[in-house]
>>> print(open('final_23.cif').read())   # mmCIF, C-alpha atoms and all ligand atoms
data_start
loop_
_atom_site.label_atom_id
_atom_site.label_comp_id
_atom_site.auth_asym_id
_atom_site.auth_seq_id
_atom_site.Cartn_x
_atom_site.Cartn_y
_atom_site.Cartn_z
CA MET I 22 14.29 5.91 -18.42
CA ASN I 23 16.91 6.20 -15.66
CA ASN I 24 19.29 9.02 -16.24
CA PRO I 25 20.65 9.87 -12.82
CA SER I 26 23.86 11.52 -13.99
CA GLY I 27 22.32 13.31 -16.95
CA CYS I 28 25.14 12.00 -19.19
CA ASN I 29 24.82 9.95 -22.34
CA THR I 30 22.71 7.10 -21.00
CA TRP I 31 22.66 4.98 -24.14
CA GLN I 32 26.44 4.95 -24.11
CA ASN I 33 26.31 3.79 -20.47
CA TRP I 34 23.96 0.93 -21.35
CA ARG I 35 26.17 0.05 -24.30
CA ASP I 36 29.22 -0.09 -22.05
CA GLU I 37 27.61 -3.06 -20.29
CA PHE I 38 28.11 -5.14 -23.47
CA PRO I 39 31.74 -6.16 -24.01
CA VAL I 40 30.75 -7.78 -27.31
CA THR I 41 30.75 -4.25 -28.77
CA GLU I 42 34.54 -4.13 -28.42
CA THR I 43 34.94 -6.78 -31.12
CA TYR I 44 31.77 -6.96 -33.17
CA ILE I 45 28.90 -5.04 -34.61
CA TYR I 46 26.54 -7.63 -33.22
CA MET I 47 23.15 -7.62 -34.93
CA ASN I 48 21.82 -11.13 -34.44
CA HIS I 49 19.53 -10.74 -31.44
CA ALA I 50 16.84 -12.67 -33.29
CA GLY I 51 19.28 -15.59 -33.18
CA VAL I 52 21.19 -15.70 -29.92
CA ALA I 53 22.08 -12.52 -28.03
CA PRO I 54 25.34 -11.76 -26.26
CA LEU I 55 25.28 -11.29 -22.50
CA SER I 56 25.84 -8.06 -20.62
CA ARG I 57 28.41 -7.84 -17.85
CA ARG I 58 25.67 -7.63 -15.23
CA VAL I 59 24.15 -10.90 -16.48
CA GLN I 60 27.54 -12.57 -16.55
CA GLU I 61 28.37 -11.30 -13.06
CA ALA I 62 25.05 -12.54 -11.68
CA MET I 63 25.66 -16.01 -13.07
CA VAL I 64 29.31 -16.10 -11.99
CA GLY I 65 28.21 -14.95 -8.52
CA PHE I 66 25.82 -17.86 -8.30
CA MET I 67 28.45 -20.33 -9.48
CA GLU I 68 30.98 -19.01 -6.98
CA ASP I 69 28.43 -19.41 -4.20
CA ALA I 70 27.55 -22.96 -5.24
CA THR I 71 31.24 -23.80 -5.61
CA LEU I 72 32.27 -22.49 -2.19
CA HIS I 73 29.14 -23.22 -0.19
CA GLY I 74 27.13 -25.90 -1.94
CA ALA I 75 23.47 -25.20 -1.26
CA VAL I 76 24.01 -23.52 2.12
CA HIS I 77 22.56 -20.30 0.68
CA ALA I 78 19.69 -21.99 -1.16
CA ASP I 79 17.21 -19.61 0.51
CA LEU I 80 18.89 -16.77 -1.37
CA TRP I 81 18.61 -18.71 -4.62
CA ALA I 82 14.88 -19.11 -3.99
CA GLU I 83 14.53 -15.40 -3.17
CA THR I 84 16.32 -14.48 -6.40
CA ALA I 85 13.95 -16.67 -8.39
CA GLU I 86 11.02 -14.81 -6.80
CA VAL I 87 12.56 -11.42 -7.62
CA CYS I 88 12.94 -12.65 -11.18
CA ARG I 89 9.30 -13.78 -11.23
CA THR I 90 8.14 -10.34 -10.03
CA ARG I 91 10.23 -8.62 -12.70
CA ALA I 92 8.99 -10.98 -15.41
CA ALA I 93 5.40 -10.20 -14.36
CA GLN I 94 6.12 -6.47 -14.51
CA LEU I 95 7.62 -6.84 -17.98
CA ILE I 96 4.38 -8.19 -19.46
CA ASN I 97 1.85 -6.58 -17.06
CA ALA I 98 0.92 -9.91 -15.49
CA ASP I 99 0.33 -10.82 -11.88
CA VAL I 100 3.19 -12.65 -10.22
CA THR I 101 0.88 -15.65 -9.69
CA GLU I 102 0.66 -16.04 -13.47
CA ILE I 103 4.37 -16.65 -14.13
CA ALA I 104 6.24 -19.97 -14.23
CA PHE I 105 9.81 -20.68 -15.27
CA MET I 106 10.43 -23.12 -18.09
CA LYS I 107 13.46 -24.41 -19.89
CA ASN I 108 12.51 -22.88 -23.25
CA THR I 109 9.71 -21.47 -25.38
CA THR I 110 8.78 -24.88 -26.72
CA GLN I 111 8.13 -26.32 -23.27
CA GLY I 112 5.58 -23.56 -22.64
CA ILE I 113 3.85 -24.19 -25.97
CA LEU I 114 3.79 -27.93 -25.24
CA ILE I 115 2.10 -27.30 -21.90
CA ALA I 116 -0.55 -25.30 -23.75
CA ALA I 117 -1.01 -27.76 -26.62
CA ASN I 118 -1.12 -30.86 -24.44
CA GLY I 119 -3.32 -29.33 -21.76
CA ILE I 120 -6.50 -28.48 -23.63
CA ASP I 121 -9.45 -30.87 -23.30
CA TRP I 122 -9.50 -31.73 -27.01
CA GLN I 123 -12.38 -33.37 -28.83
CA ALA I 124 -11.87 -35.12 -32.17
CA GLY I 125 -12.61 -32.62 -34.96
CA ASP I 126 -11.34 -29.57 -33.06
CA ASN I 127 -8.84 -27.33 -34.82
CA VAL I 128 -6.04 -24.90 -34.06
CA VAL I 129 -5.40 -21.80 -36.16
CA THR I 130 -1.86 -20.53 -36.68
CA THR I 131 0.20 -19.09 -39.50
CA ALA I 132 2.15 -20.86 -42.23
CA VAL I 133 5.34 -19.03 -41.22
CA GLU I 134 5.77 -19.98 -37.56
CA PHE I 135 9.06 -21.21 -36.17
CA PRO I 136 8.69 -25.02 -35.75
CA ALA I 137 8.47 -24.55 -31.95
CA ASN I 138 4.93 -23.31 -32.59
CA VAL I 139 4.04 -25.96 -35.18
CA TYR I 140 5.04 -29.45 -34.08
CA PRO I 141 3.40 -29.38 -30.63
CA TRP I 142 0.10 -28.66 -32.43
CA TRP I 143 0.65 -31.06 -35.33
CA SER I 144 1.32 -33.83 -32.84
CA LEU I 145 -2.31 -33.54 -31.70
CA LYS I 146 -3.57 -34.90 -35.02
CA GLU I 147 -2.71 -38.51 -34.38
CA ARG I 148 -3.58 -38.48 -30.68
CA TYR I 149 -6.84 -36.53 -30.72
CA GLY I 150 -7.84 -35.91 -34.35
CA VAL I 151 -7.11 -32.20 -33.97
CA SER I 152 -6.10 -30.39 -37.16
CA THR I 153 -3.88 -27.33 -37.55
CA ARG I 154 -4.94 -24.60 -39.99
CA MET I 155 -2.11 -22.45 -41.29
CA VAL I 156 -2.76 -18.93 -42.54
CA PRO I 157 -0.23 -17.80 -45.18
CA GLU I 158 1.48 -14.40 -45.24
CA ARG I 159 0.42 -11.99 -47.98
CA ASP I 160 2.94 -9.24 -48.91
CA GLY I 161 5.05 -10.19 -45.90
CA ARG I 162 2.10 -9.66 -43.55
CA ILE I 163 -0.34 -11.77 -41.59
CA HIS I 164 -3.77 -10.21 -42.07
CA VAL I 165 -6.14 -10.30 -39.12
CA GLU I 166 -9.06 -10.85 -41.50
CA ASP I 167 -7.35 -13.96 -42.97
CA ILE I 168 -7.08 -15.39 -39.47
CA ALA I 169 -10.68 -14.48 -38.69
CA ALA I 170 -11.78 -16.24 -41.88
CA MET I 171 -9.97 -19.43 -40.85
CA ILE I 172 -11.66 -19.61 -37.43
CA ASP I 173 -14.83 -21.66 -37.26
CA GLU I 174 -17.02 -23.14 -34.53
CA ARG I 175 -14.55 -26.00 -33.98
CA THR I 176 -11.54 -23.72 -33.48
CA ARG I 177 -10.26 -23.94 -29.90
CA VAL I 178 -6.96 -22.07 -30.13
CA LEU I 179 -5.22 -19.29 -32.03
CA THR I 180 -1.47 -19.62 -31.59
CA ILE I 181 0.92 -17.13 -33.15
CA SER I 182 4.32 -15.49 -32.84
CA HIS I 183 4.21 -11.89 -31.70
CA VAL I 184 6.96 -11.22 -34.26
CA GLU I 185 7.51 -13.65 -37.13
CA PHE I 186 11.09 -14.92 -37.16
CA ALA I 187 11.45 -15.11 -40.95
CA SER I 188 9.83 -11.85 -42.10
CA GLY I 189 10.06 -9.71 -38.98
CA PHE I 190 6.34 -8.92 -39.24
CA ARG I 191 4.87 -7.81 -35.91
CA ASN I 192 1.41 -9.29 -35.52
CA ASP I 193 -1.35 -7.10 -34.14
CA ILE I 194 -1.77 -9.11 -30.96
CA LYS I 195 -4.29 -6.65 -29.54
CA ALA I 196 -6.64 -7.15 -32.47
CA LEU I 197 -6.03 -10.91 -32.40
CA GLY I 198 -6.71 -11.01 -28.66
CA GLU I 199 -10.04 -9.25 -29.22
CA LEU I 200 -10.88 -11.76 -31.93
CA CYS I 201 -10.12 -14.67 -29.60
CA GLN I 202 -12.19 -13.16 -26.83
CA ALA I 203 -15.14 -12.59 -29.17
CA ARG I 204 -14.95 -16.19 -30.46
CA ASP I 205 -14.20 -17.62 -27.01
CA ILE I 206 -10.99 -19.42 -27.99
CA TRP I 207 -7.58 -19.74 -26.34
CA PHE I 208 -4.99 -17.16 -27.36
CA VAL I 209 -1.42 -18.48 -27.21
CA VAL I 210 1.56 -16.26 -28.06
CA ASP I 211 5.13 -17.29 -28.84
CA ALA I 212 6.72 -14.06 -27.62
CA ILE I 213 10.42 -14.85 -28.05
CA GLN I 214 10.93 -12.51 -31.02
CA GLY I 215 9.24 -9.54 -29.35
CA LEU I 216 9.73 -9.68 -25.61
CA GLY I 217 12.50 -7.30 -24.56
CA VAL I 218 12.30 -5.07 -27.61
CA VAL I 219 8.61 -4.13 -28.02
CA GLU I 220 5.83 -3.73 -25.49
CA VAL I 221 3.81 -6.80 -24.55
CA ASP I 222 0.79 -6.35 -22.29
CA VAL I 223 -0.91 -9.67 -21.66
CA LYS I 224 -4.00 -8.04 -20.15
CA LEU I 225 -4.51 -5.46 -22.86
CA CYS I 226 -4.13 -8.20 -25.49
CA ASN I 227 -6.26 -10.85 -23.71
CA ILE I 228 -3.43 -13.37 -23.93
CA ASP I 229 -4.14 -16.69 -22.21
CA ILE I 230 -0.71 -18.25 -22.53
CA LEU I 231 2.63 -16.75 -23.49
CA ALA I 232 6.09 -18.28 -23.68
CA ALA I 233 9.55 -16.85 -24.36
CA ASP I 234 13.04 -18.11 -23.70
CA GLY I 235 15.68 -15.65 -22.53
CA HIS I 236 18.36 -15.87 -25.20
CA LYS I 237 17.11 -13.40 -27.81
CA TRP I 238 15.69 -9.95 -27.07
CA LEU I 239 15.68 -10.47 -23.31
CA LEU I 240 19.50 -10.62 -23.44
CA ALA I 241 19.56 -13.55 -21.04
CA PRO I 242 21.06 -17.04 -21.35
CA GLU I 243 19.48 -19.99 -23.15
CA GLY I 244 17.40 -22.39 -21.12
CA ALA I 245 15.71 -19.88 -18.79
CA ALA I 246 12.24 -19.09 -20.14
CA ILE I 247 9.19 -17.16 -19.00
CA PHE I 248 5.78 -18.85 -19.16
CA TYR I 249 2.57 -16.93 -18.50
CA CYS I 250 -0.82 -18.52 -17.93
CA ALA I 251 -3.73 -16.18 -17.09
CA ASN I 252 -5.14 -16.88 -13.62
CA GLU I 253 -8.60 -17.61 -14.97
CA ARG I 254 -7.18 -20.23 -17.37
CA GLN I 255 -5.01 -22.16 -14.91
CA GLU I 256 -7.78 -24.47 -13.71
CA GLN I 257 -9.01 -25.01 -17.27
CA LEU I 258 -5.63 -26.19 -18.52
CA ILE I 259 -5.01 -29.87 -17.80
CA ASN I 260 -1.59 -29.91 -16.21
CA THR I 261 0.57 -32.34 -18.20
CA ASN I 262 3.75 -31.17 -16.48
CA ILE I 263 3.08 -32.18 -12.88
CA GLY I 264 6.15 -32.99 -10.81
CA TRP I 265 7.25 -32.80 -7.20
CA SER I 266 7.31 -29.00 -7.13
CA SER I 267 3.85 -28.51 -8.68
CA VAL I 268 2.04 -29.21 -5.42
CA VAL I 269 1.07 -27.08 -2.42
CA ASN I 270 3.56 -28.69 -0.05
CA PRO I 271 6.48 -29.58 -2.27
CA ARG I 272 8.93 -30.01 0.61
CA ASP I 273 6.75 -32.37 2.62
CA PHE I 274 8.30 -35.12 0.57
CA LEU I 275 6.73 -38.28 1.93
CA ASN I 276 3.27 -36.89 2.68
CA TYR I 277 2.17 -37.39 -0.88
CA ASP I 278 -0.59 -34.96 -1.74
CA LEU I 279 -1.33 -34.02 -5.32
CA THR I 280 -3.13 -30.78 -4.51
CA GLN I 281 -1.64 -28.39 -7.08
CA GLN I 282 -0.32 -24.91 -6.35
CA PRO I 283 -3.06 -22.29 -6.77
CA ASN I 284 -0.90 -20.37 -9.26
CA ALA I 285 1.25 -20.86 -12.35
CA THR I 286 4.03 -22.57 -10.37
CA ARG I 287 1.84 -25.69 -10.68
CA PHE I 288 3.35 -25.99 -14.17
CA GLU I 289 6.92 -26.10 -12.80
CA GLU I 290 7.84 -29.74 -12.39
CA GLY I 291 11.14 -29.73 -10.45
CA SER I 292 14.40 -27.97 -9.61
CA TYR I 293 15.28 -24.70 -11.34
CA ASN I 294 18.03 -23.87 -13.76
CA SER I 295 19.35 -21.57 -11.02
CA VAL I 296 22.32 -20.21 -12.90
CA GLY I 297 20.00 -19.37 -15.80
CA LEU I 298 17.50 -17.65 -13.52
CA TYR I 299 20.25 -15.52 -11.99
CA GLY I 300 21.09 -14.42 -15.53
CA LEU I 301 17.46 -13.89 -16.52
CA ASN I 302 16.84 -11.84 -13.40
CA ALA I 303 19.74 -9.49 -14.13
CA ALA I 304 18.75 -9.27 -17.79
CA ILE I 305 15.16 -8.23 -17.02
CA GLU I 306 16.44 -5.75 -14.44
CA LEU I 307 18.46 -4.05 -17.18
CA LEU I 308 15.47 -3.90 -19.55
CA LEU I 309 13.23 -2.45 -16.84
CA ASP I 310 15.93 0.09 -15.89
CA ILE I 311 15.92 1.40 -19.45
CA SER I 312 12.17 0.82 -20.01
CA ILE I 313 10.65 -1.07 -22.94
CA PRO I 314 9.05 2.03 -24.56
CA ALA I 315 12.49 3.68 -24.72
CA ILE I 316 14.03 0.49 -26.17
CA GLU I 317 11.23 0.14 -28.71
CA GLU I 318 11.61 3.72 -29.90
CA ARG I 319 15.35 3.38 -30.23
CA VAL I 320 15.31 0.05 -32.08
CA LEU I 321 12.56 1.20 -34.45
CA GLY I 322 14.70 4.26 -35.20
CA LEU I 323 17.72 2.09 -35.98
CA THR I 324 15.76 -0.30 -38.18
CA ALA I 325 14.01 2.56 -40.02
CA ARG I 326 17.41 4.00 -40.98
CA LEU I 327 18.62 0.53 -41.93
CA ILE I 328 15.64 -0.04 -44.23
CA ASP I 329 16.14 3.33 -45.96
CA GLY I 330 19.83 2.64 -46.44
CA LEU I 331 19.28 -0.87 -47.80
CA GLN I 332 16.71 0.38 -50.29
CA ALA I 333 18.99 3.20 -51.38
CA LYS I 334 21.61 0.56 -52.18
CA GLY I 335 19.13 -1.37 -54.32
CA TYR I 336 18.27 -4.23 -51.93
CA ARG I 337 14.75 -5.60 -51.60
CA VAL I 338 13.55 -5.25 -48.01
CA LEU I 339 11.02 -7.94 -47.07
CA THR I 340 10.18 -6.52 -43.65
CA SER I 341 7.41 -3.95 -43.30
CA LYS I 342 8.45 -0.31 -43.29
CA THR I 343 5.56 0.60 -41.00
CA ASP I 344 6.77 1.00 -37.41
CA SER I 345 3.79 -0.81 -35.86
CA GLU I 346 4.36 -3.81 -38.18
CA ARG I 347 7.95 -4.55 -37.26
CA ALA I 348 10.07 -4.90 -34.13
CA GLY I 349 13.82 -5.55 -34.21
CA ILE I 350 14.12 -7.76 -37.31
CA VAL I 351 14.91 -6.54 -40.84
CA ILE I 352 15.21 -9.09 -43.67
CA PHE I 353 16.47 -8.17 -47.12
CA GLU I 354 17.60 -9.89 -50.30
CA SER I 355 19.05 -9.18 -53.72
CA ASP I 356 19.08 -10.93 -57.10
CA ARG I 357 22.77 -10.19 -57.47
CA TYR I 358 24.21 -11.63 -54.25
CA THR I 359 23.27 -14.82 -52.44
CA PRO I 360 22.45 -14.64 -48.72
CA THR I 361 25.71 -16.47 -48.02
CA GLU I 362 27.71 -13.90 -49.99
CA ILE I 363 26.07 -11.02 -48.14
CA TYR I 364 26.41 -12.73 -44.77
CA GLU I 365 30.11 -13.44 -45.38
CA THR I 366 30.87 -9.93 -46.61
CA LEU I 367 29.49 -8.62 -43.34
CA TYR I 368 31.05 -11.37 -41.22
CA ASN I 369 34.49 -10.57 -42.63
CA GLU I 370 34.07 -7.08 -41.18
CA ASN I 371 32.99 -8.51 -37.80
CA ILE I 372 29.36 -7.60 -38.47
CA ILE I 373 27.24 -10.46 -37.16
CA THR I 374 23.91 -11.16 -38.88
CA ALA I 375 22.10 -14.35 -39.98
CA GLU I 376 21.06 -16.00 -43.22
CA ARG I 377 17.35 -16.74 -43.31
CA GLY I 378 15.74 -18.31 -46.38
CA SER I 379 16.36 -16.18 -49.45
CA GLY I 380 17.60 -13.25 -47.40
CA VAL I 381 19.80 -11.95 -44.66
CA ARG I 382 18.35 -11.04 -41.26
CA ILE I 383 19.67 -8.07 -39.33
CA SER I 384 18.45 -7.69 -35.78
CA PRO I 385 19.97 -4.83 -33.74
CA HIS I 386 19.16 -4.13 -30.10
CA PHE I 387 19.20 -0.92 -28.08
CA TYR I 388 22.95 -0.90 -27.48
CA ASN I 389 23.69 -0.82 -31.21
CA THR I 390 24.25 2.64 -32.64
CA ALA I 391 23.38 4.71 -35.69
CA SER I 392 27.05 4.70 -36.66
CA GLU I 393 27.08 0.88 -36.59
CA ILE I 394 24.14 0.91 -39.00
CA GLU I 395 26.06 3.34 -41.25
CA ARG I 396 29.13 1.08 -41.11
CA LEU I 397 27.05 -1.95 -42.13
CA LEU I 398 25.59 -0.02 -45.06
CA GLU I 399 29.04 1.13 -46.10
CA VAL I 400 30.34 -2.46 -46.16
CA LEU I 401 27.46 -3.74 -48.30
CA PRO I 402 28.09 -3.48 -52.04
CA ALA I 403 25.47 -1.65 -54.09
CA VAL I 404 23.23 -3.95 -56.11
C1 LIG I 501 9.57 -17.59 -33.08
C2 LIG I 501 10.48 -18.54 -32.35
N1 LIG I 501 9.98 -19.37 -31.42
C3 LIG I 501 10.77 -20.21 -30.71
C4 LIG I 501 12.14 -20.24 -30.92
C5 LIG I 501 13.03 -21.13 -30.10
O1 LIG I 501 12.33 -21.90 -29.19
P1 LIG I 501 13.04 -22.48 -27.88
O2 LIG I 501 13.14 -21.36 -26.88
O3 LIG I 501 12.13 -23.55 -27.43
O4 LIG I 501 14.38 -23.00 -28.27
C6 LIG I 501 12.70 -19.41 -31.90
C7 LIG I 501 14.17 -19.48 -32.14
O5 LIG I 501 14.71 -19.18 -33.12
C8 LIG I 501 11.85 -18.53 -32.61
O6 LIG I 501 12.35 -17.70 -33.54
#
>>> encode(input="final_23.cif", output="structure tokens")
Amino acid sequence: MNNPSGCNTWQNWRDEFPVTETYIYMNHAGVAPLSRRVQEAMVGFMEDATLHGAVHADLWAETAEVCRTRAAQLINADVTEIAFMKNTTQGILIAANGIDWQAGDNVVTTAVEFPANVYPWWSLKERYGVSTRMVPERDGRIHVEDIAAMIDERTRVLTISHVEFASGFRNDIKALGELCQARDIWFVVDAIQGLGVVEVDVKLCNIDILAADGHKWLLAPEGAAIFYCANERQEQLINTNIGWSSVVNPRDFLNYDLTQQPNATRFEEGSYNSVGLYGLNAAIELLLDISIPAIEERVLGLTARLIDGLQAKGYRVLTSKTDSERAGIVIFESDRYTPTEIYETLYNENIITAERGSGVRISPHFYNTASEIERLLEVLPAV
């Protein structure tokens, strides 16, 4: 972690988030607020485009490449394995639509995925006769052995969220990656609920494809997403997203030549969301400045205290208490108060959370503090 001045670094990082002046903001599993450096990067781009049109487009392209390098560093990928997408779903669609399906193949996932990781796979049923097998949670956990038991000789893909949005359970993606490698099946990870708060190493975990939009734990704007496709998988994936910029000479406009880029940019179909990429670039820079291990340790500390405090007040915590089984999400419920009542009690004190199913989801990030957790616990009535 950077600490050049030796002063209270966490306070310095926190100072980058003006949202803290008004709210105790703990909904990073929903949509995160932006830091000043992200805002300034995007405003800088808009000012440039406003005053100069595309005269400085070379700089825009350079910034996108800096962002790509940082995104690669964040997940331990090679820069040739990163493409920019508009959201998580687009990345999952490219995976789902690009496999050379045979009727009777199947996909294994969980029964608690966000729909972004369900419908692209379900849509294969009608087109190709591919079925989706959904492994249920037991005691708020996805068990690796339940997934292993669901895989058979017709399974082509395991697709799963790193962190489940509704329970906060952190899947053991290293063990799942080993399973996929041993069974020779594609491993696809929806990383949006983990990337930016817990470590993700695509090589260590044998991940083939990963997708995550910027607007949650990456602290970036919506509509600027990271897509990873392992180099050795790029030729195997049928590219269903080919556009003018997917080819080797994208700017030789009238010399049509469909030779695809020899890297993941083949999956990028056209012009970038430049303002979004300026924001994403600054957001990843901030995360790398702090370092993901430092962020993970801090957030797990905050959520551990939160869980203890909620239990002491009589609430039922649905998220695992084991550090390795959770990331930044804590979900809790009570028989006495509805999720809406709890949510509103907190909202009235400017504490921002989210209702999810039968519970309330609290999702702090590194710039939240122990005293904000104490304040939240103080506001909650005992059960
Ligand atoms: C696990 C998960 N995947 C995907 C998404 C959103 O997908 P997209 O980036 O395509 O909007 C969410 C948003 O809540 C999510 O929780």
>>> residues_near_ligand(input="final_23.cif", ligand="ligand LIG 501 (chain I)", cutoff="10 Å", atoms="all atoms listed in the file", output="compact mmCIF listing (two decimals) with C-alpha atoms, in the coordinates of the input")
# COMPACT_ATOMS: atom_id res chain seq x y z
CA HIS I 49 19.53 -10.74 -31.44
CA ALA I 50 16.84 -12.67 -33.29
CA GLY I 51 19.28 -15.59 -33.18
CA VAL I 52 21.19 -15.70 -29.92
CA MET I 106 10.43 -23.12 -18.09
CA LYS I 107 13.46 -24.41 -19.89
CA ASN I 108 12.51 -22.88 -23.25
CA THR I 109 9.71 -21.47 -25.38
CA THR I 110 8.78 -24.88 -26.72
CA GLN I 111 8.13 -26.32 -23.27
CA GLY I 112 5.58 -23.56 -22.64
CA ILE I 113 3.85 -24.19 -25.97
CA LEU I 114 3.79 -27.93 -25.24
CA VAL I 133 5.34 -19.03 -41.22
CA GLU I 134 5.77 -19.98 -37.56
CA PHE I 135 9.06 -21.21 -36.17
CA PRO I 136 8.69 -25.02 -35.75
CA ALA I 137 8.47 -24.55 -31.95
CA ASN I 138 4.93 -23.31 -32.59
CA VAL I 139 4.04 -25.96 -35.18
CA ILE I 181 0.92 -17.13 -33.15
CA SER I 182 4.32 -15.49 -32.84
CA HIS I 183 4.21 -11.89 -31.70
CA VAL I 184 6.96 -11.22 -34.26
CA GLU I 185 7.51 -13.65 -37.13
CA PHE I 186 11.09 -14.92 -37.16
CA ALA I 187 11.45 -15.11 -40.95
CA GLY I 189 10.06 -9.71 -38.98
CA VAL I 210 1.56 -16.26 -28.06
CA ASP I 211 5.13 -17.29 -28.84
CA ALA I 212 6.72 -14.06 -27.62
CA ILE I 213 10.42 -14.85 -28.05
CA GLN I 214 10.93 -12.51 -31.02
CA GLY I 215 9.24 -9.54 -29.35
CA ALA I 232 6.09 -18.28 -23.68
CA ALA I 233 9.55 -16.85 -24.36
CA ASP I 234 13.04 -18.11 -23.70
CA GLY I 235 15.68 -15.65 -22.53
CA HIS I 236 18.36 -15.87 -25.20
CA LYS I 237 17.11 -13.40 -27.81
CA GLU I 243 19.48 -19.99 -23.15
CA GLY I 244 17.40 -22.39 -21.12
CA ALA I 245 15.71 -19.88 -18.79
CA ALA I 246 12.24 -19.09 -20.14
CA ILE I 247 9.19 -17.16 -19.00
>>> closest_residue(input="final_23.cif", among="I:Gln123, I:Ser56, I:Asn48, I:Ser345", to="Ala375 (chain I)", atoms="all atoms listed in the file")
I:Asn48
>>> residues_around(input="final_23.cif", residues="region 177-179 of chain I", least_positions_apart="6", cutoff="9 Å", atoms="all atoms listed in the file", output="ChimeraX atom specification")
/I:117,120,122,126-130,168,197,201,205-210
>>> closest_residue(input="final_23.cif", among="I:Tyr277, I:Tyr336, I:Phe66, I:Phe248", to="Pro360 (chain I)", atoms="only C-alpha atoms")
I:Tyr336
>>> residues_around(input="final_23.cif", residues="Phe353 (chain I)", least_positions_apart="6", cutoff="6 Å", atoms="only C-alpha atoms", output="list in words")
Arg337, Val338, Leu339, Gly380 and Val381 of chain I
>>> write_last_selection(input="final_23.cif", atoms="C-alpha atoms", output="mmCIF file, in the coordinates of the input")
data_model
loop_
_atom_site.group_PDB
_atom_site.id
_atom_site.type_symbol
_atom_site.label_atom_id
_atom_site.label_comp_id
_atom_site.auth_asym_id
_atom_site.auth_seq_id
_atom_site.Cartn_x
_atom_site.Cartn_y
_atom_site.Cartn_z
ATOM 1 C CA ARG I 337 14.750 -5.600 -51.600
ATOM 2 C CA VAL I 338 13.550 -5.250 -48.010
ATOM 3 C CA LEU I 339 11.020 -7.940 -47.070
ATOM 4 C CA GLY I 380 17.600 -13.250 -47.400
ATOM 5 C CA VAL I 381 19.800 -11.950 -44.660
#
>>> residues_near_point(input="final_23.cif", point="(9.1, -0.8, -35.5)", cutoff="9 Å", atoms="all atoms listed in the file", output="ChimeraX atom specification")
/I:191,219,317-318,320-322,324-325,341-350
>>> closest_atom_pairs(input="final_23.cif", of="region 286-309 of chain I", to="region 78-84 of chain I", cutoff="12 Å", atoms="all atoms listed in the file", output="tab-separated table")
residue	atom	partner	partner_atom	distance
I:Ser292	CA	I:Ala82	CA	10.5
I:Tyr293	CA	I:Ala82	CA	9.2
I:Asn294	CA	I:Trp81	CA	10.5
I:Ser295	CA	I:Trp81	CA	7.0
I:Val296	CA	I:Trp81	CA	9.2
I:Gly297	CA	I:Thr84	CA	11.2
I:Leu298	CA	I:Thr84	CA	7.9
I:Tyr299	CA	I:Thr84	CA	6.9
I:Gly300	CA	I:Thr84	CA	10.3
I:Leu301	CA	I:Thr84	CA	10.2
I:Asn302	CA	I:Thr84	CA	7.5
I:Ala303	CA	I:Thr84	CA	9.8
I:Glu306	CA	I:Thr84	CA	11.9
>>> atom_distance(input="final_23.cif", atom1="CA of Asp121 (chain I)", atom2="CA of Ile228 (chain I)")
18.5 Å
>>> closest_residue(input="final_23.cif", among="I:Glu393, I:Glu399, I:Asn192, I:Thr131", to="Ile373 (chain I)", atoms="only C-alpha atoms")
I:Glu393
>>> atom_distance(input="final_23.cif", atom1="CA of Val76 (chain I)", atom2="CA of Arg272 (chain I)")
16.5 Å
>>> residues_around(input="final_23.cif", residues="Arg326 (chain I)", least_positions_apart="2", cutoff="12 Å", atoms="all atoms listed in the file", output="VMD selection string")
chain I and resid 319 to 324 328 to 333 342 344 351 385 390 to 395 397 to 398
>>> closest_residue(input="final_23.cif", among="I:Glu365, I:Ala75, I:Ala169, I:Asn260", to="Leu279 (chain I)", atoms="all atoms listed in the file")
I:Asn260
>>> decode(input="final_23.cif", residues="region 304-311 of chain I", atoms="N, CA and C atoms", output="PDB file, in the first residue's frame")
ATOM      1  N   ALA I 304     -10.489   4.658 -11.840  1.00  0.00           N
ATOM      2  CA  ALA I 304     -10.981   3.826 -10.734  1.00  0.00           C
ATOM      3  C   ALA I 304     -10.014   2.667 -10.456  1.00  0.00           C
ATOM      4  N   ILE I 305      -9.529   2.030 -11.513  1.00  0.00           N
ATOM      5  CA  ILE I 305      -8.599   0.905 -11.299  1.00  0.00           C
ATOM      6  C   ILE I 305      -7.270   1.426 -10.754  1.00  0.00           C
ATOM      7  N   GLU I 306      -6.876   2.598 -11.228  1.00  0.00           N
ATOM      8  CA  GLU I 306      -5.640   3.204 -10.690  1.00  0.00           C
ATOM      9  C   GLU I 306      -5.743   3.339  -9.165  1.00  0.00           C
ATOM     10  N   LEU I 307      -6.872   3.813  -8.694  1.00  0.00           N
ATOM     11  CA  LEU I 307      -7.052   3.982  -7.242  1.00  0.00           C
ATOM     12  C   LEU I 307      -6.946   2.632  -6.524  1.00  0.00           C
ATOM     13  N   LEU I 308      -7.614   1.623  -7.063  1.00  0.00           N
ATOM     14  CA  LEU I 308      -7.582   0.292  -6.417  1.00  0.00           C
ATOM     15  C   LEU I 308      -6.158  -0.256  -6.379  1.00  0.00           C
ATOM     16  N   LEU I 309      -5.426  -0.074  -7.483  1.00  0.00           N
ATOM     17  CA  LEU I 309      -4.054  -0.593  -7.523  1.00  0.00           C
ATOM     18  C   LEU I 309      -3.146   0.215  -6.594  1.00  0.00           C
ATOM     19  N   ASP I 310      -3.413   1.513  -6.464  1.00  0.00           N
ATOM     20  CA  ASP I 310      -2.630   2.339  -5.526  1.00  0.00           C
ATOM     21  C   ASP I 310      -2.758   1.781  -4.105  1.00  0.00           C
ATOM     22  N   ILE I 311      -3.968   1.415  -3.740  1.00  0.00           N
ATOM     23  CA  ILE I 311      -4.185   0.915  -2.370  1.00  0.00           C
ATOM     24  C   ILE I 311      -3.696  -0.529  -2.265  1.00  0.00           C
TER      25      ILE I 311
END
